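Reviewing the structure listed below.
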Amino acid sequence: MPAVTPYRNDRPSRPSADIKPVSPVKRARIIYNCLLFLTVIFVVRLFYLQVIKHDFYRKAALQSQLKQYEIPAERGTIYAYDGDQSTPLVLNEKKYTLFADPKYVKDSLKEASAITKIIGGDTNKVSDLLKTPGLRYVVLAKKLNKDQSDKLNKLDFNGVGTREESYRTYPDGTLAAQLLGFVNDEGKGQYGLEENLNDKLDGTPGELKAITDAQGVPLVSNKDNIQTDPKAGDKIQLTVDIGAQRQLEDILKAGLDHAKSKSGSAMIMDVNTGAIKAMANYPTYDPSKIADISDLSALSNAVVSSPLEVGSIMKPLTAGAAIDRGVITKDTTYYDPAKIPIDGYVVSNVEEDGGPGTKSIADLLRLSLNTGAVYMLQQMGGGQINKQARDVWHDYMVNHYGFGTRTGIEQAGETKGVVPDPDSGNGLNITYANTAFGQGMSATILQMAGAYAGAVNGGIYYQPHVVESTTDFSGKKTAPAPKVLRQTVSAKTSADVATLMEGVFTSNHAFYGMPHMPDGYIIGGKTGSAQIANPAGGYYTDRFTGTFAGFVGGDKPQYVILVRVNEPGIGGFAGAQTAAPIFSNLATMLINNYGVNPKK
Amino acid sequence: MQTLRARRRPSLAETEQRRHRPDYWLPLIATGLLGIGVVVVYAISPGVSTQNNVSEAYYITKQLVAVALGAIAFLVLSRVPIRWWRSAIKPLILASILTALAVQFFGARVNGAYRWVQIGGFSFQAAELIKFTLLIWLADLLARAKKAGKLDSWQDTLKPLAICLVAIAIVVGVMESDFGSTTVMVGMISAMVFVAGLPLKRIMMIGGTIAIGAILLISAIPYRRQRLLTFLHPAANCQTTGYQSCQALIAVGSGGMFGLGLGKSVQAYGYLPEASNDSIFAILSEKFGFIGMTLILAAYAVFFGRLAKIIEKAPDDFSGFLVTGMLAWFSVQAAINIGAMIGLLPLKGITLPFISTGGTSVLFVTGALGLAFQISRYSSYSISNNNQRSLNDDPTSGRGQRRTYYTTVRRRT
């Protein structure tokens with residue numbers, strides 16, 4: 001308080017002598033001076049806290065206020081071709097999760113009934129959730145649409161809100177479901193492409209360091225927010241054609257119904273690139289209803305994940321190996337004894353094959369002579385099945401046709417099959433005799449397709465692939481050229497194999513479900529009725545897998561088609577009766593709708 | 001306005017008074033502080049309303065209504081003649097007792113203590129009414145005792161004072177468990193008897209008794225002990241009992257020299273409890289920084305200085321003691337509140353006058369200020385009864401001479 005100063009000089013100075021010690025004025029001033037002193041103390045203390053210790057408290061404040069968040073990156077989308085057009089197979093959709101903080105819910109029954117009026121469901125259940133004791137966060141409903149979310153927010157119930165979440169949507173429903181895979185609740189790809197390319201599709205989440213309230217909700221207006229933008233996942237362009245895929249699925253389903261089979265697979269691959277045009281299994285599933293699936297095996301893409309003893313569709317490859325080695329030619333004839341004893345076992349043919357006699361390689365394939373396959377293997381060994389024969393055939397199976405190793409296609413759960421070791425184990429010779437006609441080894445449909453493509457396209461094994469290009473968040477597109485993995489057989493041998501297979505199909509086309517051969521196109525193929533190994537030992541006598549491997553083209557093979565029908569319920573040769581018609585329909589479909597180049 | 005003034009002519013029969021321009025600084029500073037409170041409450045509304053699950057307009061609406069009611073109370077109390085209150089003491093005491101009882105029987109339990117009674121949409125804090133009653137009653141008692149020269153008399157002064165202190169300790173201290181308000185009332189009594197001229201010996205005696213009582217009160221109630229311990233070791237209890245103190249210090253300290261800015265404070269978003277109420281000083285510190293808070297403290301200092309000036313110039317003892325009590329009321333309350341926020345005093349559930357939200361507090365504080373405003377209109381220009389010299393007789397005093405002297409004889413036109 002400022003000292004009192006006389007305002008006029010001629011006034012006498014302040015009298016004080018007669019003021020008693022107990023002066024209210026003086027005492028009021030004492031009180032006020034105490035207050036001033038206290039104010040000064042407060043200011044000093046504020047200076048200490050706010051200026052000197054500022055950094056300390058700022059740090060303490062940020063320690064509890066600053067929280068780090070991940071901003072999820074948008075998952076990459078997946079496209080396929082519809083003719084020349086790139087069309088989405090998988091998109092992302094914003095959906096809404098309804099959540100509540102039970103602490104703030106006042107009248108749970110009233111709020112629950114208003115909520116269920118919008119989203120449906122059991123009012124009592126929602127009401128119970130709304131008053132869950134001890135929880136600060138309960139999810140009431142998921143995958144609500146924008147309209148529902150807006151209506152819910154309009155209710156303006158305290159502690160009830162919706163949050164945007166991204167979900168996969170499938171414009172084409174179940175189409176290519178197993179090829180694609182799905183995304184689980186944690187946002188992770190499962191099965192198929194989604195799992196295999198999860199890292200690429202995932203993108204890089206952004207980072208948000210945000211000042212939040214005590215509950216951890218970011219205060220957006222604050223300048224301390226540090227953000228790195230999320231990088232969206234890659235956009236994937238598949239080689240798959242939606243139309244071909246759809247028709248393949250339809251044809252497969254119809255063919256399996258006809259064969260009274262419960263399951264099967266089919267695929268079409270471009271022989272000159274290894275690109276998958278279509279690939280499917282039955283049964284499949286609806287990726288939008290993952291929660292309802294009871295049979296988990298339906299989730300796998302059996303084309304790549306389920307190996308089988310391929311059966312007689314191996315024989316053209318055996319022939320290819322033998323021709324390539326120069327031990328036979330496509331025109332070789334030989335004496336077929338109809339029964340060949342090996343290691344105490346007897347390799348024989350089915351009765352309809354006509355017994356012993358002189359046969360050509362074409363006959364061998366047309367009649368599907370197991371003994372013929374053994375003959376070719378023997379030729380690789382210089383006339384008998386021996387170490388040389390086993391080594392040569394093993395070399396062809398593994399190093400030329402790619403069996404026993406994964407193809408590396410962009411699919412999760414790919415298996416590599418089994419190729420028996422040529423040098424160790426019991427009954428090596430009978431085992432290898434069996435492998436010559438596709439038993440005693442196993443491979444996936446995809447591995448067979450890769451080997452066939454390599455065997456008929458001039459001898460080049462292209463890496464089977466389903467991804468044509470990827471485009472990253474910045475728009476940079478990566479479209480690798482078809483990758484050559486290995487040489488299968490020589491170009492000359494390859495032409496011979498194609499010719500032999502064409503012969504097989506041409507002579508049996510009506511039997512294989514194609515009454516009239518289309519003019520201007522070549523179609524080749526080979527049936528297989530593979531025996532199914534009994535886990536108890538040996539093979540089931542009444543259970544087969546019908547397989548068919550073939551190609552379609554004009555001047556030269558353009559697509560290979562592989563078909564597998566598991567345990568058909570109709571009689572006859574499984575391959576010819578059940579898988580071949582599916583092949584024929586697929587070949588016709590390709591010729592009619594998908595521009596197989598006709599002969600010039 | 002002038003008509004009103006003319007109608008309330010001071011009576012020369014009681015004391016020789018001069019009527020002049022009132023002290024406009026009082027309502028001016030009070031309005032400024034109320035304004036800061038309203039703006040800050042508005043600014044932190046998104047935060048506190050979310051945390052407490054009320055609509056965003058809840059706090060600001062309540063505060064605006066409180067300020068409006070306070071303004072009405074101010075206008076009314078600045079016009080109702082001071083003398084009238086001396087005749088209203090008995091009803092006031094009765095009302096205080098009834099309210100205290102109502103709080104006990106119908107009160108809402110807030111933070112473990114019964115301090116409020118719900119009236120309509122508003123909760124009414126009994127302690128505020130008791131403070132106001134105490135103010136009037138004690139000013140009257142002391143003024144009469146002083147006039148009769150019986151300030152030191154047991155029967156006339158000390159006994160009623162002792163009864164009053166015991167009553168406050170029981171009703172406010174124990175029953176309402178409101179140690180902050182008890183302290184404020186003891187502060188008011190101390191300041192008033194001090195200024196009234198009670199001998200220092202007596203004051204020290206009474207002070208000693210109060211201190212012993214306070215120690216007993218603190219040690220008897222576990223949560224008080226805990227609060228004291230918390231205060232002595234704040235960092236050790238940051239996550240538990242000391243949470244509010246720690247968060248208050250964080251808020252104050254993170255304000256820095258210039259503050260984070262009006263809209264940028266974070267501690268109100270659920271970190272600091274009672275952000276719009278008892279803890280508002282810490283929020284202000286966070287927003288306005290050292291510079292801003294120094295200005296606000298300066299505003300309080302000037303405000304208290306004006307009140308001190310009015311005490312010095314008071315036209316009569318009753319008015320002087322009234323304003324003394326008021327000064328103690330506002331200043332002790334502010335000191336306790338601020339002291340707790342900056343870690344110099346233990347926490348008490350008490351509002352910062354004029355700035356904190358709280359309908360009852362705003363209503364009574366602004367209403368009481370109306371009394372001071374009315375008193376500031378008058379100065380005594382006679383030597384007051386005890387032959388003490390009022391400063392108005394002091395020719396060196398700045399007061400009075402420069403001001404318009406409204407004669408009581410003629411209506412001014």
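Within each chain, counting starts at residue 1; across the structure tokens, chains are named A, B, ... in the order shown, with ligands numbered 1 upward in that order.
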Excluding Gln247 in chain B and residues on its chain fewer than 5 positions from it, collect all residues at most 12 Å away from it, counting only C-alpha atoms, and give them as a PyMOL selection string. (chain A and resi 57-58+60-65+214) or (chain B and resi 234-235+237-242+252-254+266-275+279-280+282-283+286+340-343)
Could you write those residues out with C-alpha atoms, as an mmCIF file, in the first residue's frame?
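Printed below is selection13.cif as written:
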data_model
loop_
_atom_site.group_PDB
_atom_site.id
_atom_site.type_symbol
_atom_site.label_atom_id
_atom_site.label_comp_id
_atom_site.auth_asym_id
_atom_site.auth_seq_id
_atom_site.Cartn_x
_atom_site.Cartn_y
_atom_site.Cartn_z
ATOM 1 C CA TYR A 57 5.953 -29.980 -14.435
ATOM 2 C CA ARG A 58 5.568 -29.791 -18.200
ATOM 3 C CA ALA A 60 5.125 -34.554 -15.641
ATOM 4 C CA ALA A 61 2.048 -33.248 -17.437
ATOM 5 C CA LEU A 62 3.001 -34.764 -20.781
ATOM 6 C CA GLN A 63 3.853 -38.042 -19.129
ATOM 7 C CA SER A 64 0.230 -38.596 -18.287
ATOM 8 C CA GLN A 65 -1.370 -36.516 -21.028
ATOM 9 C CA ALA A 214 -7.805 -38.701 -18.528
ATOM 10 C CA PRO B 234 2.810 -34.728 -1.612
ATOM 11 C CA ALA B 235 4.968 -36.699 -4.050
ATOM 12 C CA ASN B 237 0.871 -39.949 -2.445
ATOM 13 C CA CYS B 238 0.523 -38.726 -6.027
ATOM 14 C CA GLN B 239 -1.536 -41.646 -7.183
ATOM 15 C CA THR B 240 -3.785 -41.859 -4.151
ATOM 16 C CA THR B 241 -4.665 -39.261 -1.561
ATOM 17 C CA GLY B 242 -2.352 -36.646 -3.027
ATOM 18 C CA VAL B 252 0.188 -24.697 -12.271
ATOM 19 C CA GLY B 253 3.718 -25.670 -13.273
ATOM 20 C CA SER B 254 2.919 -26.522 -16.871
ATOM 21 C CA VAL B 266 -5.480 -30.129 -20.653
ATOM 22 C CA GLN B 267 -5.696 -30.742 -16.922
ATOM 23 C CA ALA B 268 -9.404 -29.887 -16.975
ATOM 24 C CA TYR B 269 -9.992 -32.954 -19.140
ATOM 25 C CA GLY B 270 -10.402 -35.360 -16.278
ATOM 26 C CA TYR B 271 -6.955 -35.065 -14.746
ATOM 27 C CA LEU B 272 -7.590 -32.410 -12.137
ATOM 28 C CA PRO B 273 -10.669 -33.029 -9.984
ATOM 29 C CA GLU B 274 -13.035 -30.123 -9.301
ATOM 30 C CA ALA B 275 -11.556 -28.236 -12.251
ATOM 31 C CA SER B 279 -9.306 -26.304 -8.441
ATOM 32 C CA ILE B 280 -10.039 -23.467 -10.824
ATOM 33 C CA ALA B 282 -4.737 -24.287 -11.039
ATOM 34 C CA ILE B 283 -6.602 -24.300 -14.337
ATOM 35 C CA GLU B 286 -2.234 -23.496 -16.662
ATOM 36 C CA ALA B 340 -3.690 -25.433 -1.589
ATOM 37 C CA MET B 341 -3.347 -25.168 -5.367
ATOM 38 C CA ILE B 342 0.264 -24.060 -5.217
ATOM 39 C CA GLY B 343 1.208 -26.582 -2.571
#
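The shell of residues at most 8 Å from range 123-128 of chain B, with only C-alpha atoms counted and near chain neighbours (fewer than 6 positions) removed, consists of Ser96, Thr99, Ala100, Val103, Arg115, Trp116, Val117, Val172, Ser181, Gly359, Thr360, Ser361 and Phe364 of chain B.
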Keeping only C-alpha atoms, write those residues as a tab-separated table (two decimals), in the first residue's frame.
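Contents of the output file again.tsv:
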chain	number	residue	atom	x	y	z
B	96	SER	CA	-28.85	-20.41	9.51
B	99	THR	CA	-30.41	-24.57	7.01
B	100	ALA	CA	-27.77	-26.35	9.06
B	103	VAL	CA	-28.37	-30.11	5.53
B	115	ARG	CA	-22.77	-29.57	3.21
B	116	TRP	CA	-25.50	-29.03	0.71
B	117	VAL	CA	-29.21	-28.94	0.65
B	172	VAL	CA	-19.49	-26.47	10.48
B	181	SER	CA	-15.29	-22.89	6.01
B	359	GLY	CA	-24.05	-20.88	-7.01
B	360	THR	CA	-24.18	-20.26	-3.26
B	361	SER	CA	-20.67	-18.93	-3.10
B	364	PHE	CA	-23.31	-14.63	-1.12
Closest of B:Val48, B:Ile350, B:Ala308, B:Met192 to chain A, counting only C-alpha atoms, is B:Ala308
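All chain A residues having an atom within 6 Å of chain B, based on only C-alpha atoms, amount to Pro6, Val22, Pro24, Val25, Arg27, Ala28, Leu49, Gln50, Val51, His54, Tyr57, Arg58, Ala61, Asp213 and Ala214 of chain A.
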Can you tell me, as a compact mmCIF listing (two decimals) with N, CA and C atoms, in the first residue's frame, what residues are no more than 9 Å from range 91-108 of chain A when counting only C-alpha atoms, ignoring any on the same chain fewer than 5 positions away?
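The resulting file, out.txt, is shown below:
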# COMPACT_ATOMS: atom_id res chain seq x y z
N GLU A 74 -5.15 -48.17 -44.32
CA GLU A 74 -6.20 -48.86 -45.07
C GLU A 74 -5.60 -50.06 -45.77
N ARG A 75 -6.27 -51.18 -45.64
CA ARG A 75 -5.77 -52.41 -46.23
C ARG A 75 -5.88 -52.31 -47.74
N GLY A 76 -4.88 -52.88 -48.41
CA GLY A 76 -4.88 -52.84 -49.86
C GLY A 76 -6.06 -53.59 -50.44
N THR A 77 -6.52 -53.14 -51.59
CA THR A 77 -7.66 -53.80 -52.22
C THR A 77 -7.15 -54.78 -53.26
N ILE A 78 -8.01 -55.68 -53.67
CA ILE A 78 -7.61 -56.74 -54.59
C ILE A 78 -8.50 -56.66 -55.84
N TYR A 79 -7.83 -56.63 -56.98
CA TYR A 79 -8.55 -56.50 -58.24
C TYR A 79 -8.33 -57.73 -59.11
N SER A 113 -33.99 -50.16 -25.40
CA SER A 113 -35.12 -50.32 -26.32
C SER A 113 -35.00 -49.34 -27.48
N VAL A 126 -29.21 -56.26 -24.59
CA VAL A 126 -28.52 -54.96 -24.71
C VAL A 126 -28.58 -54.22 -23.37
N SER A 127 -29.73 -54.30 -22.74
CA SER A 127 -29.89 -53.64 -21.44
C SER A 127 -28.91 -54.20 -20.41
N ASP A 128 -28.77 -55.53 -20.42
CA ASP A 128 -27.80 -56.16 -19.50
C ASP A 128 -26.39 -55.68 -19.78
N LEU A 129 -26.07 -55.62 -21.08
CA LEU A 129 -24.73 -55.15 -21.45
C LEU A 129 -24.51 -53.72 -20.97
N LEU A 130 -25.56 -52.91 -21.10
CA LEU A 130 -25.46 -51.49 -20.75
C LEU A 130 -25.20 -51.29 -19.26
N LYS A 131 -25.59 -52.27 -18.45
CA LYS A 131 -25.32 -52.08 -17.02
C LYS A 131 -24.28 -53.06 -16.49
N THR A 132 -23.45 -53.57 -17.40
CA THR A 132 -22.35 -54.44 -16.97
C THR A 132 -21.55 -53.74 -15.88
N PRO A 133 -21.49 -54.32 -14.70
CA PRO A 133 -20.76 -53.63 -13.65
C PRO A 133 -19.24 -53.75 -13.84
N GLY A 134 -18.55 -52.73 -13.45
CA GLY A 134 -17.09 -52.80 -13.42
C GLY A 134 -16.42 -52.58 -14.76
N LEU A 135 -17.19 -52.55 -15.84
CA LEU A 135 -16.57 -52.38 -17.15
C LEU A 135 -16.80 -50.95 -17.64
N ARG A 136 -15.79 -50.42 -18.30
CA ARG A 136 -15.93 -49.08 -18.86
C ARG A 136 -16.13 -49.12 -20.37
N TYR A 137 -16.12 -50.32 -20.95
CA TYR A 137 -16.25 -50.40 -22.40
C TYR A 137 -16.91 -51.72 -22.78
N VAL A 138 -18.09 -51.65 -23.32
CA VAL A 138 -18.71 -52.86 -23.83
C VAL A 138 -19.14 -52.63 -25.28
N VAL A 139 -18.95 -53.65 -26.09
CA VAL A 139 -19.37 -53.56 -27.49
C VAL A 139 -20.79 -54.11 -27.58
N LEU A 140 -21.69 -53.29 -28.11
CA LEU A 140 -23.10 -53.70 -28.20
C LEU A 140 -23.42 -54.32 -29.55
N ALA A 141 -22.78 -53.82 -30.59
CA ALA A 141 -23.06 -54.36 -31.92
C ALA A 141 -21.91 -53.99 -32.84
N LYS A 142 -21.72 -54.81 -33.85
CA LYS A 142 -20.65 -54.54 -34.81
C LYS A 142 -21.24 -54.47 -36.21
N LYS A 143 -20.43 -53.93 -37.10
CA LYS A 143 -20.77 -53.89 -38.52
C LYS A 143 -22.12 -53.22 -38.79
N LEU A 144 -22.36 -52.12 -38.13
CA LEU A 144 -23.56 -51.36 -38.42
C LEU A 144 -23.28 -50.44 -39.60
N ASN A 145 -24.33 -50.09 -40.33
CA ASN A 145 -24.09 -49.20 -41.47
C ASN A 145 -24.18 -47.74 -41.03
N LYS A 146 -23.84 -46.88 -41.98
CA LYS A 146 -23.75 -45.46 -41.69
C LYS A 146 -25.08 -44.91 -41.20
N GLN A 148 -27.52 -46.45 -39.64
CA GLN A 148 -27.78 -46.86 -38.26
C GLN A 148 -26.92 -46.06 -37.28
N SER A 149 -25.66 -45.88 -37.69
CA SER A 149 -24.74 -45.14 -36.83
C SER A 149 -25.24 -43.71 -36.61
N LEU A 152 -28.15 -43.73 -34.27
CA LEU A 152 -27.72 -44.00 -32.89
C LEU A 152 -27.09 -42.76 -32.27
N PHE A 157 -27.28 -40.58 -26.30
CA PHE A 157 -27.21 -41.14 -24.96
C PHE A 157 -25.80 -40.96 -24.44
N ASN A 158 -25.73 -40.59 -23.18
CA ASN A 158 -24.39 -40.43 -22.61
C ASN A 158 -23.70 -41.77 -22.48
N GLY A 159 -22.44 -41.80 -22.87
CA GLY A 159 -21.67 -43.02 -22.73
C GLY A 159 -21.95 -44.05 -23.80
N VAL A 160 -22.77 -43.70 -24.80
CA VAL A 160 -23.02 -44.64 -25.90
C VAL A 160 -22.54 -43.99 -27.18
N GLY A 161 -21.73 -44.68 -27.94
CA GLY A 161 -21.22 -44.07 -29.15
C GLY A 161 -20.89 -45.12 -30.21
N THR A 162 -20.61 -44.63 -31.41
CA THR A 162 -20.21 -45.56 -32.47
C THR A 162 -18.81 -45.20 -32.93
N ARG A 163 -18.10 -46.21 -33.40
CA ARG A 163 -16.76 -45.99 -33.89
C ARG A 163 -16.63 -46.61 -35.26
N GLU A 164 -15.96 -45.87 -36.15
CA GLU A 164 -15.81 -46.33 -37.52
C GLU A 164 -14.75 -47.41 -37.59
N GLU A 165 -15.06 -48.48 -38.29
CA GLU A 165 -14.05 -49.50 -38.49
C GLU A 165 -14.13 -49.98 -39.93
N SER A 166 -12.99 -50.43 -40.43
CA SER A 166 -12.92 -50.82 -41.83
C SER A 166 -13.10 -52.34 -41.93
N TYR A 167 -13.97 -52.73 -42.82
CA TYR A 167 -14.18 -54.16 -43.02
C TYR A 167 -14.01 -54.49 -44.50
N ARG A 168 -13.60 -55.74 -44.76
CA ARG A 168 -13.54 -56.21 -46.12
C ARG A 168 -14.95 -56.45 -46.65
N THR A 169 -15.18 -56.07 -47.88
CA THR A 169 -16.43 -56.47 -48.51
C THR A 169 -16.11 -57.18 -49.80
N TYR A 170 -17.01 -58.03 -50.18
CA TYR A 170 -16.78 -58.89 -51.33
C TYR A 170 -17.91 -58.69 -52.31
N PRO A 171 -17.69 -57.80 -53.30
CA PRO A 171 -18.76 -57.49 -54.23
C PRO A 171 -19.27 -58.75 -54.96
N ASN B 52 -17.87 -35.45 -16.26
CA ASN B 52 -18.90 -35.61 -15.26
C ASN B 52 -20.24 -35.98 -15.87
N ASN B 53 -20.20 -36.27 -17.17
CA ASN B 53 -21.38 -36.79 -17.82
C ASN B 53 -22.57 -35.84 -17.72
Apply DSSP to the backbone of this structure and, from range 157-284 of chain B, keep only the residues in alpha helix (DSSP H); write these as a PyMOL selection string. chain B and resi 159-168+179-196+200-220+222-232+243-255+280-284
Determine, counting only C-alpha atoms, which protein, DNA and RNA residues have an atom within 9 Å of an atom of range 137-142 of chain B; residues of the same chain fewer than 6 positions away are not included. Present the result as a list in words. Trp85, Arg86, Ile89, Lys90, Leu92, Ile93, Lys150, Leu151, Asp156, Thr157, Pro160, Leu161, Ile189, Met192, Val193, Ala196, Asp317, Phe318, Ser319, Gly320, Phe321, Leu322, Val323, Thr324 and Gly325 of chain B
Correct to one decimal, the distance CA of Asp324 in chain A-CA of Thr527 in chain A is 22.0 Å
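Separating CA of Ala30 in chain B from CA of Phe303 in chain B is a distance of 7.9 Å.
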Skipping near chain neighbours, those fewer than 3 positions away, what residues fall within 8 Å of range 282-286 of chain A using only C-alpha atoms, listed as a PyMOL selection string? chain A and resi 173-174+177-178+249+252-253+262-265+289-290+293+298-299
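Selecting strand (DSSP E) from the backbone DSSP output for range 310-418 of chain A yields A:Thr333, A:Tyr334, A:Tyr335, A:Asp336, A:Lys339, A:Ile340, A:Pro341, A:Ile342, A:Tyr345, A:Val346, A:Val347, A:Ser348, A:Gly357, A:Thr358, A:Lys359, A:Ser360.
Between CA of Ala455 in chain A and CA of Leu179 in chain A there is a distance of 25.1 Å.
The closest residue to Leu197 in chain A, picked from A:Gln411, A:Leu109, A:Ala280, A:Arg486 and counting only C-alpha atoms, is A:Gln411.
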Would you kindly return, as a compact mmCIF listing (two decimals) with N, CA and C atoms, in the first residue's frame, each protein, DNA or RNA residue with an atom no farther than 12 Å from any atom of Pro598 in chain A, considering only C-alpha atoms and excluding same-chain residues fewer than 5 positions away?
# COMPACT_ATOMS: atom_id res chain seq x y z
N PRO A 518 -13.71 -78.97 -81.53
CA PRO A 518 -13.85 -77.66 -82.19
C PRO A 518 -12.80 -77.50 -83.29
N ASP A 519 -13.23 -76.91 -84.41
CA ASP A 519 -12.29 -76.69 -85.50
C ASP A 519 -11.31 -75.58 -85.14
N GLY A 520 -10.08 -75.79 -85.55
CA GLY A 520 -9.08 -74.73 -85.38
C GLY A 520 -8.44 -74.70 -84.02
N TYR A 521 -8.69 -75.68 -83.19
CA TYR A 521 -8.07 -75.67 -81.88
C TYR A 521 -7.45 -77.02 -81.58
N ILE A 522 -6.43 -77.01 -80.75
CA ILE A 522 -5.90 -78.27 -80.29
C ILE A 522 -6.25 -78.44 -78.81
N ILE A 523 -6.60 -79.67 -78.49
CA ILE A 523 -6.89 -79.98 -77.10
C ILE A 523 -6.16 -81.28 -76.78
N VAL A 552 -5.41 -76.57 -73.82
CA VAL A 552 -6.19 -76.12 -74.96
C VAL A 552 -5.39 -75.01 -75.61
N GLY A 553 -5.45 -74.94 -76.95
CA GLY A 553 -4.72 -73.89 -77.65
C GLY A 553 -5.06 -73.90 -79.12
N GLY A 554 -4.31 -73.09 -79.86
CA GLY A 554 -4.50 -73.05 -81.30
C GLY A 554 -3.33 -73.73 -81.96
N ASP A 555 -2.36 -72.95 -82.44
CA ASP A 555 -1.16 -73.55 -83.01
C ASP A 555 -0.36 -74.30 -81.95
N LYS A 556 -0.42 -73.78 -80.78
CA LYS A 556 0.30 -74.45 -79.70
C LYS A 556 -0.50 -74.29 -78.41
N PRO A 557 -0.19 -75.10 -77.41
CA PRO A 557 -0.97 -75.04 -76.16
C PRO A 557 -0.95 -73.64 -75.55
N GLN A 558 -2.11 -73.23 -75.05
CA GLN A 558 -2.19 -71.89 -74.47
C GLN A 558 -2.53 -71.94 -72.99
N LEU A 590 -13.22 -71.77 -72.45
CA LEU A 590 -12.07 -70.93 -72.80
C LEU A 590 -12.09 -70.59 -74.29
N ILE A 591 -12.40 -71.60 -75.09
CA ILE A 591 -12.42 -71.37 -76.54
C ILE A 591 -13.51 -70.38 -76.90
N ASN A 592 -14.68 -70.56 -76.32
CA ASN A 592 -15.82 -69.72 -76.71
C ASN A 592 -15.71 -68.30 -76.17
Find the residues around Ile60 in chain B up to 7 Å (only C-alpha atoms counted), leave out those fewer than 3 positions away in its own chain, and share them as an MDAnalysis selection string. chainID B and resid 38 41:42 57 63:64
Selected residues written out with C-alpha atoms, as a short mmCIF file (atom, residue, chain, number, x, y, z; two decimals), in the first residue's frame:
data_model
loop_
_atom_site.label_atom_id
_atom_site.label_comp_id
_atom_site.auth_asym_id
_atom_site.auth_seq_id
_atom_site.Cartn_x
_atom_site.Cartn_y
_atom_site.Cartn_z
CA VAL B 38 -17.26 -17.40 -16.61
CA VAL B 41 -15.64 -22.23 -17.09
CA TYR B 42 -16.87 -21.84 -20.66
CA ALA B 57 -23.82 -26.15 -21.41
CA GLN B 63 -22.62 -20.21 -13.53
CA LEU B 64 -24.39 -17.56 -15.61
#
